[in-house]
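Participant: You'll find final38.cif just under this line, and it carries mmCIF, C-alpha atoms.
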```cif
data_work
loop_
_atom_site.group_PDB
_atom_site.id
_atom_site.type_symbol
_atom_site.label_atom_id
_atom_site.label_comp_id
_atom_site.auth_asym_id
_atom_site.auth_seq_id
_atom_site.Cartn_x
_atom_site.Cartn_y
_atom_site.Cartn_z
ATOM 1 C CA MET A 1 -3.069 1.499 3.828
ATOM 2 C CA LEU A 2 -0.375 3.208 5.832
ATOM 3 C CA GLU A 3 -1.233 5.066 9.009
ATOM 4 C CA MET A 4 0.483 8.430 8.632
ATOM 5 C CA GLN A 5 -0.231 11.720 10.408
ATOM 6 C CA GLY A 6 -3.663 10.667 11.639
ATOM 7 C CA VAL A 7 -5.004 9.296 8.330
ATOM 8 C CA LEU A 8 -4.567 6.184 6.190
ATOM 9 C CA ARG A 9 -2.669 6.736 2.950
ATOM 10 C CA THR A 10 -4.068 4.245 0.476
ATOM 11 C CA TRP A 11 -3.255 2.840 -2.971
ATOM 12 C CA ALA A 12 -5.120 0.376 -5.172
ATOM 13 C CA LEU A 13 -2.704 -2.166 -6.670
ATOM 14 C CA ASP A 14 -3.047 -3.848 -10.059
ATOM 15 C CA ASP A 15 -1.308 -7.006 -8.788
ATOM 16 C CA PRO A 16 -1.207 -8.652 -5.331
ATOM 17 C CA LEU A 17 2.026 -8.912 -3.346
ATOM 18 C CA THR A 18 3.450 -12.303 -2.406
ATOM 19 C CA ASN A 19 6.643 -13.430 -0.711
ATOM 20 C CA ALA A 20 7.473 -15.547 -3.772
ATOM 21 C CA VAL A 21 8.952 -12.950 -6.140
ATOM 22 C CA PRO A 22 9.707 -9.246 -6.404
ATOM 23 C CA ILE A 23 7.197 -7.387 -8.564
ATOM 24 C CA THR A 24 6.586 -4.007 -10.102
ATOM 25 C CA THR A 25 2.946 -2.994 -10.453
ATOM 26 C CA LYS A 26 0.772 0.056 -10.932
ATOM 27 C CA ALA A 27 -0.358 1.720 -7.704
ATOM 28 C CA GLN A 28 -3.298 4.106 -7.998
ATOM 29 C CA PRO A 29 -3.444 6.526 -5.057
ATOM 30 C CA LEU A 30 -6.832 6.798 -3.366
ATOM 31 C CA VAL A 31 -8.100 9.531 -1.077
ATOM 32 C CA ASP A 32 -6.874 9.375 2.498
ATOM 33 C CA HIS A 33 -9.088 7.191 4.670
ATOM 34 C CA ARG A 34 -10.179 7.555 8.293
ATOM 35 C CA LEU A 35 -8.381 5.419 10.878
ATOM 36 C CA ALA A 36 -11.651 3.509 11.448
ATOM 37 C CA PHE A 37 -10.931 1.636 8.203
ATOM 38 C CA LEU A 38 -8.111 -0.267 9.955
ATOM 39 C CA GLU A 39 -10.784 -2.373 11.638
ATOM 40 C CA PHE A 40 -13.434 -2.346 8.883
ATOM 41 C CA GLU A 41 -14.274 -5.103 6.422
ATOM 42 C CA GLY A 42 -17.405 -5.189 4.314
ATOM 43 C CA PRO A 43 -19.407 -3.413 1.636
ATOM 44 C CA LEU A 44 -19.231 0.330 1.088
ATOM 45 C CA GLY A 45 -22.373 2.353 0.436
ATOM 46 C CA ASP A 46 -23.454 3.742 -2.944
ATOM 47 C CA ASP A 47 -22.081 0.735 -4.882
ATOM 48 C CA ARG A 48 -18.469 1.778 -4.215
ATOM 49 C CA GLY A 49 -17.263 -1.792 -3.724
ATOM 50 C CA ALA A 50 -16.023 -3.492 -0.580
ATOM 51 C CA VAL A 51 -13.114 -3.395 1.841
ATOM 52 C CA ARG A 52 -11.194 -6.573 2.614
ATOM 53 C CA GLN A 53 -8.186 -6.793 4.908
ATOM 54 C CA VAL A 54 -5.357 -8.513 3.068
ATOM 55 C CA GLU A 55 -2.502 -7.908 5.501
ATOM 56 C CA ARG A 56 -1.857 -6.398 8.894
ATOM 57 C CA GLY A 57 1.444 -5.496 10.477
ATOM 58 C CA ILE A 58 3.914 -2.733 11.137
ATOM 59 C CA TYR A 59 6.118 -0.704 8.883
ATOM 60 C CA LYS A 60 9.290 1.339 9.217
ATOM 61 C CA LEU A 61 9.443 4.435 7.053
ATOM 62 C CA PHE A 62 12.731 5.059 5.216
ATOM 63 C CA GLY A 63 11.708 8.021 3.065
ATOM 64 C CA GLU A 64 8.663 10.077 2.164
ATOM 65 C CA ASP A 65 7.865 13.036 -0.085
ATOM 66 C CA THR A 66 4.811 14.161 -2.076
ATOM 67 C CA ASP A 67 5.713 11.785 -4.922
ATOM 68 C CA TYR A 68 7.608 9.012 -3.109
ATOM 69 C CA VAL A 69 7.374 6.657 -0.121
ATOM 70 C CA ARG A 70 9.753 3.827 0.870
ATOM 71 C CA PHE A 71 9.217 1.493 3.823
ATOM 72 C CA ARG A 72 9.872 -1.989 5.207
ATOM 73 C CA LEU A 73 6.726 -4.029 5.865
ATOM 74 C CA SER A 74 6.602 -6.673 8.598
ATOM 75 C CA GLY A 75 3.175 -8.268 8.368
ATOM 76 C CA ARG A 76 1.451 -11.518 9.276
ATOM 77 C CA ASN A 77 2.125 -12.980 5.808
ATOM 78 C CA LEU A 78 4.374 -10.501 4.005
ATOM 79 C CA ALA A 79 7.742 -8.961 4.811
ATOM 80 C CA GLY A 80 9.977 -6.836 2.644
ATOM 81 C CA MET A 81 10.726 -3.407 1.186
ATOM 82 C CA ILE A 82 8.181 -1.348 -0.741
ATOM 83 C CA GLU A 83 8.835 1.698 -2.848
ATOM 84 C CA ILE A 84 5.926 3.692 -4.311
ATOM 85 C CA ARG A 85 6.872 6.475 -6.708
ATOM 86 C CA LEU A 86 5.034 8.893 -9.018
ATOM 87 C CA GLN A 87 6.234 8.171 -12.555
ATOM 88 C CA SER A 88 4.748 11.109 -14.468
ATOM 89 C CA ALA A 89 3.095 14.339 -13.372
ATOM 90 C CA LYS A 90 1.118 14.535 -16.648
ATOM 91 C CA ASP A 91 -0.357 11.047 -16.262
ATOM 92 C CA PRO A 92 -0.658 10.330 -12.524
ATOM 93 C CA TYR A 93 0.877 6.872 -12.839
ATOM 94 C CA TRP A 94 2.422 5.552 -9.658
ATOM 95 C CA ARG A 95 4.712 2.517 -9.618
ATOM 96 C CA LEU A 96 5.084 0.134 -6.696
ATOM 97 C CA ASP A 97 8.261 -1.970 -6.429
ATOM 98 C CA TRP A 98 8.074 -4.905 -4.005
ATOM 99 C CA PHE A 99 11.202 -6.660 -2.747
ATOM 100 C CA PRO A 100 10.235 -9.570 -0.466
ATOM 101 C CA GLU A 101 12.696 -10.720 2.147
ATOM 102 C CA ALA A 102 14.209 -14.097 1.401
ATOM 103 C CA ASP A 103 13.710 -15.511 4.908
ATOM 104 C CA CYS A 104 9.927 -14.950 5.106
#
```
Would you kindly transcribe this structure into structure tokens?
Facilitator:
Amino acid sequence: MLEMQGVLRTWALDDPLTNAVPITTKAQPLVDHRLAFLEFEGPLGDDRGAVRQVERGIYKLFGEDTDYVRFRLSGRNLAGMIEIRLQSAKDPYWRLDWFPEADC
């Protein structure tokens, strides 16, 4: 989740990020979330699953458009560059490229 313009932009990732190796994975965009979700962990109603905080930190935005976002993440456990890009307008497939920093 990225706090942007009063909402949380959110993607569901097929693979977790680690500082061990760069990865490319599918990133499914989700609807924007309310800022209250920054502090929330637990089950969602109507059998929609659960929210679990995986990382917390700050980011610096380097570029953003309707089909692209690039930023540097500095979190508690992860640090590096992330690029999320729409791959095809016909099939809304988004790709996330993760480049961890070597000194993390």
Participant: Go through A:Pro22, A:Pro29, A:Pro92, A:Pro43 and flag the residue nearest A:Leu78, using only C-alpha atoms for the distances.
Facilitator: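 Among A:Pro22, A:Pro29, A:Pro92, A:Pro43, it is A:Pro22 that comes nearest to A:Leu78.
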Participant: Spell out the residues picked by the PyMOL selection byres ((chain A and resi 97) around 7) here, as a list of chain:residue names.
Facilitator: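 Applied to this file, the PyMOL selection byres ((chain A and resi 97) around 7) selects A:Ile23, A:Thr24, A:Thr25, A:Ile82, A:Glu83, A:Ile84, A:Arg95, A:Leu96, A:Trp98, A:Phe99.
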Participant: Kindly list the centre and edge lengths in Å, rounded to one decimal, for the axis-aligned box that covers all listed atoms of stretch 19-26 of chain A plus 4 Å on each of its six sides, as JSON.
Facilitator:
```
{"center_x": 5.2, "center_y": -7.7, "center_z": -5.8, "size_x": 16.9, "size_y": 23.6, "size_z": 18.2}
```
Participant: If the PyMOL selection byres ((chain A and resi 28) around 12) is run on the structure shown, which residues does it catch, given as a list in words?
Facilitator: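 Evaluating the PyMOL selection byres ((chain A and resi 28) around 12) on these coordinates yields Arg9, Thr10, Trp11, Ala12, Leu13, Asp14, Asp15, Thr25, Lys26, Ala27, Pro29, Leu30, Val31, Ile84, Arg85, Leu86, Gln87, Asp91, Pro92, Tyr93, Trp94, Arg95 and Leu96 of chain A.
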Participant: Kindly export the residues of the current selection with C-alpha atoms, as a compact mmCIF listing (two decimals), in the coordinates of the input.
Facilitator:
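Generated file (out16.txt):
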```txt
# COMPACT_ATOMS: atom_id res chain seq x y z
CA ARG A 9 -2.67 6.74 2.95
CA THR A 10 -4.07 4.24 0.48
CA TRP A 11 -3.26 2.84 -2.97
CA ALA A 12 -5.12 0.38 -5.17
CA LEU A 13 -2.70 -2.17 -6.67
CA ASP A 14 -3.05 -3.85 -10.06
CA ASP A 15 -1.31 -7.01 -8.79
CA THR A 25 2.95 -2.99 -10.45
CA LYS A 26 0.77 0.06 -10.93
CA ALA A 27 -0.36 1.72 -7.70
CA PRO A 29 -3.44 6.53 -5.06
CA LEU A 30 -6.83 6.80 -3.37
CA VAL A 31 -8.10 9.53 -1.08
CA ILE A 84 5.93 3.69 -4.31
CA ARG A 85 6.87 6.48 -6.71
CA LEU A 86 5.03 8.89 -9.02
CA GLN A 87 6.23 8.17 -12.56
CA ASP A 91 -0.36 11.05 -16.26
CA PRO A 92 -0.66 10.33 -12.52
CA TYR A 93 0.88 6.87 -12.84
CA TRP A 94 2.42 5.55 -9.66
CA ARG A 95 4.71 2.52 -9.62
CA LEU A 96 5.08 0.13 -6.70
```
Participant: Kindly give the distance, in Å, that separates atom CA of A:Gly75 and atom CA of A:Arg56, rounded to a single decimal.
Facilitator: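 Computing the Euclidean distance for atom CA of A:Gly75 and atom CA of A:Arg56 yields 5.4 Å.
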Participant: Which distance in Å separates atom CA of A:Gly49 and atom CA of A:Phe37, to one decimal?
Facilitator: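 Atom CA of A:Gly49 sits 13.9 Å away from atom CA of A:Phe37.
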Participant: To one decimal place, how far is atom CA of A:Asp32 from atom CA of A:Leu8 in Å?
Facilitator: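 Computing the Euclidean distance for atom CA of A:Asp32 and atom CA of A:Leu8 yields 5.4 Å.
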Participant: Between A:Arg34, A:Ser88, A:Val51, A:Gly42, which residue has the minimum interatomic distance to A:Tyr68, considering only C-alpha atoms?
Facilitator: A:Ser88
Participant: Which residue gives the smallest distance to A:Lys60 among A:Gly80, A:Leu38, A:Ala89, A:Leu17, with only C-alpha atoms counted?
Facilitator: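 Using only C-alpha atoms, the shortest distance to A:Lys60 belongs to A:Gly80.
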Participant: I'd like the neighbourhood of A:Phe40 as JSON, numbers by chain, where a residue qualifies if any of its atoms comes within 12 Å (using only C-alpha atoms), though same-chain residues fewer than 4 positions away should be ignored.
Facilitator: {"A": [33, 34, 35, 36, 44, 50, 51, 52, 53, 54]}
Participant: Which polymer residues have any atom within 8 Å of an atom of A:Phe62, counting all atoms listed in the file, with same-chain residues fewer than 6 positions away left out, as JSON, numbers by chain?
Facilitator: {"A": [69, 70, 71, 72]}
Participant: Since the input lacks atoms, please generate N, CA and C atoms for stretch 73-91 of chain A and provide them as a JSON list (two decimals), in the coordinates of the input.
Facilitator:
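What landed in rebuild_22.json:
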```
[["chain", "number", "residue", "atom", "x", "y", "z"],
["A", 73, "LEU", "N", 7.95, -3.45, 5.32],
["A", 73, "LEU", "CA", 6.73, -4.03, 5.86],
["A", 73, "LEU", "C", 7.06, -5.32, 6.62],
["A", 74, "SER", "N", 6.52, -5.44, 7.82],
["A", 74, "SER", "CA", 6.60, -6.67, 8.60],
["A", 74, "SER", "C", 5.18, -7.05, 8.97],
["A", 75, "GLY", "N", 4.57, -7.91, 8.17],
["A", 75, "GLY", "CA", 3.18, -8.27, 8.37],
["A", 75, "GLY", "C", 3.01, -9.71, 8.81],
["A", 76, "ARG", "N", 1.75, -10.13, 8.91],
["A", 76, "ARG", "CA", 1.45, -11.52, 9.28],
["A", 76, "ARG", "C", 1.93, -12.49, 8.21],
["A", 77, "ASN", "N", 1.79, -12.09, 6.92],
["A", 77, "ASN", "CA", 2.12, -12.98, 5.81],
["A", 77, "ASN", "C", 3.20, -12.43, 4.88],
["A", 78, "LEU", "N", 3.43, -11.14, 4.92],
["A", 78, "LEU", "CA", 4.37, -10.50, 4.00],
["A", 78, "LEU", "C", 5.44, -9.75, 4.78],
["A", 79, "ALA", "N", 6.66, -9.76, 4.24],
["A", 79, "ALA", "CA", 7.74, -8.96, 4.81],
["A", 79, "ALA", "C", 8.68, -8.56, 3.68],
["A", 80, "GLY", "N", 9.05, -7.31, 3.66],
["A", 80, "GLY", "CA", 9.98, -6.84, 2.64],
["A", 80, "GLY", "C", 9.93, -5.33, 2.49],
["A", 81, "MET", "N", 10.65, -4.83, 1.47],
["A", 81, "MET", "CA", 10.73, -3.41, 1.19],
["A", 81, "MET", "C", 9.73, -3.04, 0.10],
["A", 82, "ILE", "N", 9.11, -1.88, 0.25],
["A", 82, "ILE", "CA", 8.18, -1.35, -0.74],
["A", 82, "ILE", "C", 8.60, 0.07, -1.07],
["A", 83, "GLU", "N", 8.60, 0.35, -2.36],
["A", 83, "GLU", "CA", 8.84, 1.70, -2.85],
["A", 83, "GLU", "C", 7.67, 2.07, -3.75],
["A", 84, "ILE", "N", 7.02, 3.21, -3.48],
["A", 84, "ILE", "CA", 5.93, 3.69, -4.31],
["A", 84, "ILE", "C", 6.34, 5.07, -4.80],
["A", 85, "ARG", "N", 6.34, 5.25, -6.13],
["A", 85, "ARG", "CA", 6.87, 6.48, -6.71],
["A", 85, "ARG", "C", 5.99, 6.96, -7.86],
["A", 86, "LEU", "N", 5.75, 8.28, -7.91],
["A", 86, "LEU", "CA", 5.03, 8.89, -9.02],
["A", 86, "LEU", "C", 5.94, 8.86, -10.24],
["A", 87, "GLN", "N", 5.43, 8.31, -11.35],
["A", 87, "GLN", "CA", 6.23, 8.17, -12.56],
["A", 87, "GLN", "C", 6.12, 9.36, -13.50],
["A", 88, "SER", "N", 4.96, 10.00, -13.54],
["A", 88, "SER", "CA", 4.75, 11.11, -14.47],
["A", 88, "SER", "C", 3.72, 12.06, -13.89],
["A", 89, "ALA", "N", 4.04, 13.34, -13.88],
["A", 89, "ALA", "CA", 3.10, 14.34, -13.37],
["A", 89, "ALA", "C", 1.94, 14.55, -14.35],
["A", 90, "LYS", "N", 2.18, 14.36, -15.64],
["A", 90, "LYS", "CA", 1.12, 14.54, -16.65],
["A", 90, "LYS", "C", 0.07, 13.43, -16.54],
["A", 91, "ASP", "N", 0.53, 12.20, -16.43],
["A", 91, "ASP", "CA", -0.36, 11.05, -16.26],
["A", 91, "ASP", "C", -0.08, 10.50, -14.87]]
```
